[in-house]
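J.: Before I ask anything, here is the structure I am working with.
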Amino acid sequence: MGAFFSLSETEIAKKVVSLPSISNNSMVLNYVWIAFFIIAFIIAIVKSLMGDTEIFVRIMESTLVTARQGFEFSLGLTGVLALWLGIMKIGEKGGMVEILSRAAAPLFSKLFPDIPKGHPASASIMMNVSANLLGLDNAATPFGLKAMNELQELNKKKDTASDAMIMFLVINASGLTLIPVTVMAARAYWGAASPSDVFIPIMIATFSSTLVGTLAVCIKQRINFFNTTILLFFGIVSAVIIATVVLFQRMEQEQMNEISAMAGNIILFSIIILFITMGVVKKVNVFDAFIEGAKDGFQVAVRIIPYIIALLVGIGVFRASGGMDFLMDGMRFVVASFGVDTRWVDGMPTALMKPLSGSGARGMMVDAMATYGADSFAGRLSSILQGATDTTFYIVAVYYGAINVRKSRYTIPYALLADLAAIVAAILLTYMFFG
């Protein structure tokens with residue numbers, strides 16, 4: 001185990017990605033992508049036999065259009081990603097991860113009662129969750145892997161997930177994130193009037209996911225959810241959310257949109273000022289730190305180009321063949337039969353893809369904004385869903401695979417319950433904030 005901790009982050013990543021469970025998990029997206037083309041081809045054959053002689057022309061045109069859109073979109077992300085990852089690097093070097101970790105210590109000691117006081121697993125868990133809150137994926141994953149190895153030390157059944165592991169992974173899979181950088185960047189690229197107007201709905205939805213997931217695991221593990229520390233934390237945040245909802249419900253739709261966008265921008269700019277101030281206090285070379293993070297942003301934008309192009313082309317072929325319309329019309333018919341408004345159905349591809357693949361869900365979100373518009377109901381709902389949930393199956397595969405845990409017990413059902421809470425909250429919030 002000591003050899004594992006001596007590895008660099010890159011070596012850790014290579015070690016984890018090589019595990020069979022993760023390879024199998026990545027195959028899910030492979031099958032989905034293949035299905036887009038095979039189903040589109042079958043539909044096109046049927047339509048051509050029925051007299052639609054232009055179907056293959058439309059499909060091939062869609063491959064060119066979506067490939068160009070994917071490339072342009074990825075380049076369009078570069079500036080925003082460079083900006084925010086630069087700011088995040090300042091916060092990281094200024095000690096924000098450590099500050100959040102210390103603040104969360106009393107709460108985490110109650111949620112993980114099986115971890116002995118002072119055990120290094122507690123610090124690793126807190127560092128992982130704090131890094132996730134700030135969107136520092138590169139820092140969060142090594143902390144998470146370290147936490148899982150330390151939890152495995154305490155685990156009596158090495159092939160079976162312990163209670164602490166399950167709580168940790170459900171919290172991770174709930175997608176609790178403070179700043180949804182890529183969502184706002186995508187909205188900016190696709191012409192949203194106010195890219196950050198989904199910021200508050202995302203915060204509420206992702207907290208709802210974490211609350212439901214944590215509560216469910218607490219009940220299952222017989223952890224006293226009404227402990228003063230736990231109740232105080234979730235009670236205060238819930239009270240703020242309820243007050244926000246009540247306040248916005250009293251406003252006209254236009255005023256609600258304006259206030260939501262203004263509040264989101266104030267919070268985001270305050271975070272920038274806080275991170276810079278912390279950097280100055282810690283005597284960090286703020287400009288150099290920003291440049292270092294911005295370089296990472298550029299690399300991320302370049303790295304996602306093949307994924308975005310592949311997914312958008314696959315989705316574009318499926319949509320051009322009429323397969324997407326058939327799927328969505330079927331869902332609308334079922335929903336409409338219950339007398340329910342069907343606008344939220346157009347955002348469901350993002351929701352269904354997110355537990356399987358983050359890049360796949362990102363492609364679905366981009367497709368929704370490209371098809372319906374960034375400020376459409378579907379565009380906003382897809383954005384909230386992308387920011388409020390996480391890649392449940394990938395997280396479970398990575399973290400359990402790293403320590404060879406084969407029996408995850410109830411991890412996935414409870415993590416998916418958290419995802420479901422985020423989906424329901426996202427739909428309700430989209431109606432409330434954007435009508």
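Just remember, in the structure tokens the first chain shown is A, the second B, etc., residues are 1-based per chain, and ligands are 1-based in the order shown.
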Please provide the set of residues having any atom within 7 Å of range 203-219 of chain A, restricted to only C-alpha atoms, with same-chain residues fewer than 3 positions apart removed, written as a list of chain:residue names.
T.: A:Met167, A:Val170, A:Ile171, A:Ser174, A:Gly175, A:Leu176, A:Leu178, A:Phe199, A:Ile200, A:Arg222, A:Ile223, A:Asn224, A:Phe225, A:Ile241, A:Ala388, A:Thr389, A:Tyr414, A:Ala415, A:Leu417, A:Ala418, A:Asp419, A:Ala421, A:Ala422, A:Ala425, A:Ala426
J.: Keeping only N, CA and C atoms, write those residues as a PDB file, in the first residue's frame.
T.:
ATOM      1  N   MET A 167     -21.016   5.563   2.303  1.00  0.00           N
ATOM      2  CA  MET A 167     -21.374   6.962   2.576  1.00  0.00           C
ATOM      3  C   MET A 167     -20.512   7.893   1.736  1.00  0.00           C
ATOM      4  N   VAL A 170     -21.586   7.709  -2.033  1.00  0.00           N
ATOM      5  CA  VAL A 170     -22.902   8.319  -2.284  1.00  0.00           C
ATOM      6  C   VAL A 170     -22.791   9.841  -2.251  1.00  0.00           C
ATOM      7  N   ILE A 171     -22.012  10.377  -1.310  1.00  0.00           N
ATOM      8  CA  ILE A 171     -21.790  11.829  -1.267  1.00  0.00           C
ATOM      9  C   ILE A 171     -21.088  12.285  -2.542  1.00  0.00           C
ATOM     10  N   SER A 174     -23.420  12.202  -5.533  1.00  0.00           N
ATOM     11  CA  SER A 174     -24.520  13.178  -5.491  1.00  0.00           C
ATOM     12  C   SER A 174     -24.175  14.452  -6.251  1.00  0.00           C
ATOM     13  N   GLY A 175     -22.900  14.611  -6.610  1.00  0.00           N
ATOM     14  CA  GLY A 175     -22.516  15.720  -7.488  1.00  0.00           C
ATOM     15  C   GLY A 175     -22.446  17.078  -6.840  1.00  0.00           C
ATOM     16  N   LEU A 176     -22.209  17.130  -5.526  1.00  0.00           N
ATOM     17  CA  LEU A 176     -22.169  18.409  -4.822  1.00  0.00           C
ATOM     18  C   LEU A 176     -21.018  19.273  -5.332  1.00  0.00           C
ATOM     19  N   LEU A 178     -19.796  23.501  -6.086  1.00  0.00           N
ATOM     20  CA  LEU A 178     -20.081  24.912  -5.827  1.00  0.00           C
ATOM     21  C   LEU A 178     -20.133  25.728  -7.114  1.00  0.00           C
ATOM     22  N   PHE A 199     -27.163  29.215 -12.063  1.00  0.00           N
ATOM     23  CA  PHE A 199     -26.255  28.968 -10.945  1.00  0.00           C
ATOM     24  C   PHE A 199     -27.008  28.605  -9.663  1.00  0.00           C
ATOM     25  N   ILE A 200     -27.985  29.413  -9.284  1.00  0.00           N
ATOM     26  CA  ILE A 200     -28.749  29.147  -8.060  1.00  0.00           C
ATOM     27  C   ILE A 200     -29.577  27.872  -8.178  1.00  0.00           C
ATOM     28  N   ARG A 222     -28.190   3.380  10.246  1.00  0.00           N
ATOM     29  CA  ARG A 222     -28.640   3.718  11.605  1.00  0.00           C
ATOM     30  C   ARG A 222     -27.789   4.821  12.229  1.00  0.00           C
ATOM     31  N   ILE A 223     -27.396   5.789  11.399  1.00  0.00           N
ATOM     32  CA  ILE A 223     -26.702   6.978  11.887  1.00  0.00           C
ATOM     33  C   ILE A 223     -27.759   7.994  12.289  1.00  0.00           C
ATOM     34  N   ASN A 224     -27.590   8.592  13.435  1.00  0.00           N
ATOM     35  CA  ASN A 224     -28.574   9.553  13.940  1.00  0.00           C
ATOM     36  C   ASN A 224     -28.537  10.838  13.118  1.00  0.00           C
ATOM     37  N   PHE A 225     -29.439  10.933  12.152  1.00  0.00           N
ATOM     38  CA  PHE A 225     -29.465  12.121  11.290  1.00  0.00           C
ATOM     39  C   PHE A 225     -29.839  13.368  12.079  1.00  0.00           C
ATOM     40  N   ILE A 241     -32.349  27.502   1.394  1.00  0.00           N
ATOM     41  CA  ILE A 241     -32.956  27.096   0.127  1.00  0.00           C
ATOM     42  C   ILE A 241     -34.459  27.366   0.137  1.00  0.00           C
ATOM     43  N   ALA A 388     -25.989  19.382 -11.687  1.00  0.00           N
ATOM     44  CA  ALA A 388     -26.501  18.941 -10.387  1.00  0.00           C
ATOM     45  C   ALA A 388     -26.267  17.472 -10.100  1.00  0.00           C
ATOM     46  N   THR A 389     -25.881  16.686 -11.087  1.00  0.00           N
ATOM     47  CA  THR A 389     -25.693  15.247 -10.882  1.00  0.00           C
ATOM     48  C   THR A 389     -24.270  14.855 -11.265  1.00  0.00           C
ATOM     49  N   TYR A 414     -28.504   3.601  -3.838  1.00  0.00           N
ATOM     50  CA  TYR A 414     -28.616   4.820  -3.047  1.00  0.00           C
ATOM     51  C   TYR A 414     -28.025   6.019  -3.779  1.00  0.00           C
ATOM     52  N   ALA A 415     -26.967   5.780  -4.546  1.00  0.00           N
ATOM     53  CA  ALA A 415     -26.400   6.871  -5.358  1.00  0.00           C
ATOM     54  C   ALA A 415     -27.377   7.281  -6.453  1.00  0.00           C
ATOM     55  N   LEU A 417     -30.572   6.997  -6.217  1.00  0.00           N
ATOM     56  CA  LEU A 417     -31.646   7.711  -5.524  1.00  0.00           C
ATOM     57  C   LEU A 417     -31.295   9.189  -5.386  1.00  0.00           C
ATOM     58  N   ALA A 418     -30.038   9.457  -5.071  1.00  0.00           N
ATOM     59  CA  ALA A 418     -29.573  10.851  -5.003  1.00  0.00           C
ATOM     60  C   ALA A 418     -29.687  11.522  -6.368  1.00  0.00           C
ATOM     61  N   ASP A 419     -29.317  10.787  -7.434  1.00  0.00           N
ATOM     62  CA  ASP A 419     -29.450  11.328  -8.793  1.00  0.00           C
ATOM     63  C   ASP A 419     -30.910  11.639  -9.115  1.00  0.00           C
ATOM     64  N   ALA A 421     -33.261  12.416  -7.040  1.00  0.00           N
ATOM     65  CA  ALA A 421     -33.645  13.627  -6.299  1.00  0.00           C
ATOM     66  C   ALA A 421     -33.197  14.876  -7.043  1.00  0.00           C
ATOM     67  N   ALA A 422     -31.988  14.825  -7.620  1.00  0.00           N
ATOM     68  CA  ALA A 422     -31.482  15.968  -8.384  1.00  0.00           C
ATOM     69  C   ALA A 422     -32.320  16.200  -9.635  1.00  0.00           C
ATOM     70  N   ALA A 425     -35.678  17.693  -8.592  1.00  0.00           N
ATOM     71  CA  ALA A 425     -35.453  19.080  -8.171  1.00  0.00           C
ATOM     72  C   ALA A 425     -35.163  19.973  -9.378  1.00  0.00           C
ATOM     73  N   ALA A 426     -34.356  19.469 -10.326  1.00  0.00           N
ATOM     74  CA  ALA A 426     -34.004  20.264 -11.508  1.00  0.00           C
ATOM     75  C   ALA A 426     -35.246  20.610 -12.327  1.00  0.00           C
TER      76      ALA A 426
END
J.: Please extract the residues of range 105-135 of chain A with a backbone DSSP assignment of helix (DSSP H, G or I) and present them as a ChimeraX atom specification.
T.: /A:105-111,120-133
J.: Between A:Asn285, A:Ala40, A:Leu75, A:Arg409, which is the closest to Arg303 in chain A once you count only C-alpha atoms?
T.: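 The shortest atom-to-atom distance to Arg303 in chain A comes from A:Leu75.
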J.: Under the rule that only C-alpha atoms are counted, which of A:Leu77, A:Met328, A:Ile315, A:Val345 is the nearest residue to Ala188 in chain A?
T.: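 Residue with the minimum atom-to-atom distance to Ala188 in chain A: A:Leu77.
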J.: Pick out the closest residue to Met364 in chain A from this set: A:Leu311, A:Arg102, A:Ala320, A:Gly79. Count only C-alpha atoms.
T.: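 Distance minimum relative to Met364 in chain A lands on A:Leu311.
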J.: Show me, as a PyMOL selection string, the residues that have an atom within 8 Å of Leu81 in chain A when counting only C-alpha atoms, minus same-chain residues fewer than 4 positions from it.
T.: chain A and resi 77+85+181-182+185+294+297-298+300-301
J.: With C-alpha atoms kept, could you save the residues just selected as a PDB file, in the first residue's frame?
T.:
ATOM      1  CA  LEU A  77     -14.766  26.777 -24.087  1.00  0.00           C
ATOM      2  CA  LEU A  85      -9.315  27.014 -13.681  1.00  0.00           C
ATOM      3  CA  VAL A 181     -17.684  25.917 -14.674  1.00  0.00           C
ATOM      4  CA  THR A 182     -18.268  23.869 -17.838  1.00  0.00           C
ATOM      5  CA  ALA A 185     -18.996  28.046 -20.296  1.00  0.00           C
ATOM      6  CA  ALA A 294      -5.234  28.807 -17.090  1.00  0.00           C
ATOM      7  CA  GLY A 297      -7.892  25.114 -18.760  1.00  0.00           C
ATOM      8  CA  PHE A 298      -6.434  25.285 -22.256  1.00  0.00           C
ATOM      9  CA  VAL A 300      -8.726  20.543 -20.837  1.00  0.00           C
ATOM     10  CA  ALA A 301     -10.434  22.338 -23.721  1.00  0.00           C
TER      11      ALA A 301
END
J.: In terms of the shortest atom-to-atom distance over only C-alpha atoms, which of A:Gly144, A:Pro201, A:Gly86, A:Gly279 is closest to Thr244 in chain A?
T.: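 Of A:Gly144, A:Pro201, A:Gly86, A:Gly279, the one nearest Thr244 in chain A is A:Pro201, counting only C-alpha atoms.
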J.: Between A:Val405, A:Leu416, A:Ala67, A:Ala105, which one has atoms that come closest to Lys156 in chain A, using only C-alpha atoms?
T.: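 Residue with the minimum atom-to-atom distance to Lys156 in chain A: A:Val405.
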J.: Residues near Met369 in chain A, anyone? I mean within 10 Å using only C-alpha atoms, not counting same-chain ones fewer than 2 positions away, as a list in words.
T.: Ala186, Arg187, Tyr189, Trp190, Gly191, Ala192, Gly347, Gly363, Met364, Met365, Val366, Asp367, Thr371, Tyr372, Gly373, Ala374, Asp375, Ser376, Phe377, Ala378, Gly379, Arg380, Leu381, Ser382 and Ser383 of chain A
J.: Let me make sure I understand: among A:Ile272, A:Val240, A:Ala104, A:Ala397, which one has the smallest atom-to-atom distance to Ile179 in chain A if we use only C-alpha atoms?
T.: A:Ile272
J.: Quick one: everything within 9 Å of range 53-60 of chain A, counting only C-alpha atoms, minus sequence neighbours fewer than 2 positions away in the same chain. Send it as a VMD selection string.
T.: chain A and resid 40 to 41 44 to 45 47 to 51 62 to 65 316 to 321
J.: Excluding Phe108 in chain A and residues on its chain fewer than 5 positions from it, collect all residues at most 10 Å away from it, counting only C-alpha atoms, and give them as a PDB file with N, CA and C atoms, in the first residue's frame.
T.:
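So the final result, stored in around.pdb, reads:
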ATOM      1  N   SER A 101     -11.981  21.911   4.408  1.00  0.00           N
ATOM      2  CA  SER A 101     -11.811  20.640   5.101  1.00  0.00           C
ATOM      3  C   SER A 101     -11.959  20.816   6.610  1.00  0.00           C
ATOM      4  N   ALA A 103     -13.531  23.192   8.128  1.00  0.00           N
ATOM      5  CA  ALA A 103     -14.912  23.580   8.420  1.00  0.00           C
ATOM      6  C   ALA A 103     -15.846  22.370   8.421  1.00  0.00           C
ATOM      7  N   PRO A 113     -19.010   7.484  11.558  1.00  0.00           N
ATOM      8  CA  PRO A 113     -18.712   7.102  12.947  1.00  0.00           C
ATOM      9  C   PRO A 113     -17.742   5.922  13.069  1.00  0.00           C
ATOM     10  N   ILE A 115     -14.969   5.551  11.491  1.00  0.00           N
ATOM     11  CA  ILE A 115     -13.582   5.969  11.313  1.00  0.00           C
ATOM     12  C   ILE A 115     -13.044   6.477  12.650  1.00  0.00           C
ATOM     13  N   SER A 122     -10.144  10.331   7.447  1.00  0.00           N
ATOM     14  CA  SER A 122     -11.039  11.484   7.632  1.00  0.00           C
ATOM     15  C   SER A 122     -10.524  12.705   6.878  1.00  0.00           C
ATOM     16  N   ALA A 123      -9.227  12.955   6.996  1.00  0.00           N
ATOM     17  CA  ALA A 123      -8.634  14.109   6.311  1.00  0.00           C
ATOM     18  C   ALA A 123      -8.724  13.945   4.796  1.00  0.00           C
ATOM     19  N   ILE A 125     -10.914  12.189   3.064  1.00  0.00           N
ATOM     20  CA  ILE A 125     -12.315  12.351   2.642  1.00  0.00           C
ATOM     21  C   ILE A 125     -12.682  13.820   2.576  1.00  0.00           C
ATOM     22  N   MET A 126     -12.311  14.562   3.607  1.00  0.00           N
ATOM     23  CA  MET A 126     -12.646  15.982   3.638  1.00  0.00           C
ATOM     24  C   MET A 126     -11.944  16.753   2.523  1.00  0.00           C
ATOM     25  N   PHE A 168     -19.212   7.610   1.675  1.00  0.00           N
ATOM     26  CA  PHE A 168     -18.291   8.443   0.913  1.00  0.00           C
ATOM     27  C   PHE A 168     -18.655   8.484  -0.568  1.00  0.00           C
ATOM     28  N   THR A 229     -25.042  18.312  15.184  1.00  0.00           N
ATOM     29  CA  THR A 229     -24.133  18.807  14.143  1.00  0.00           C
ATOM     30  C   THR A 229     -24.712  18.576  12.751  1.00  0.00           C
ATOM     31  N   ILE A 230     -25.183  17.346  12.497  1.00  0.00           N
ATOM     32  CA  ILE A 230     -25.751  17.021  11.188  1.00  0.00           C
ATOM     33  C   ILE A 230     -26.996  17.849  10.919  1.00  0.00           C
TER      34      ILE A 230
END
J.: What gap, in Å, lies between CA of Ser109 in chain A and CA of Thr391 in chain A?
T.: 25.8 Å
J.: Taking 2 positions as the minimum chain separation for residues in the same chain, which residues sit within 12 Å of Phe248 in chain A when counting only C-alpha atoms? Answer as a list in words.
T.: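 The contact residues come out as Ile200, Pro201, Ile241, Ile242, Ala243, Thr244, Val245, Val246, Arg250, Met251, Glu252, Gln253, Glu254, Gln255, Met256, Asn257, Glu258, Ile259, Ser260, Ala263, Leu429, Tyr431, Met432, Phe433, Phe434 and Gly435 of chain A.
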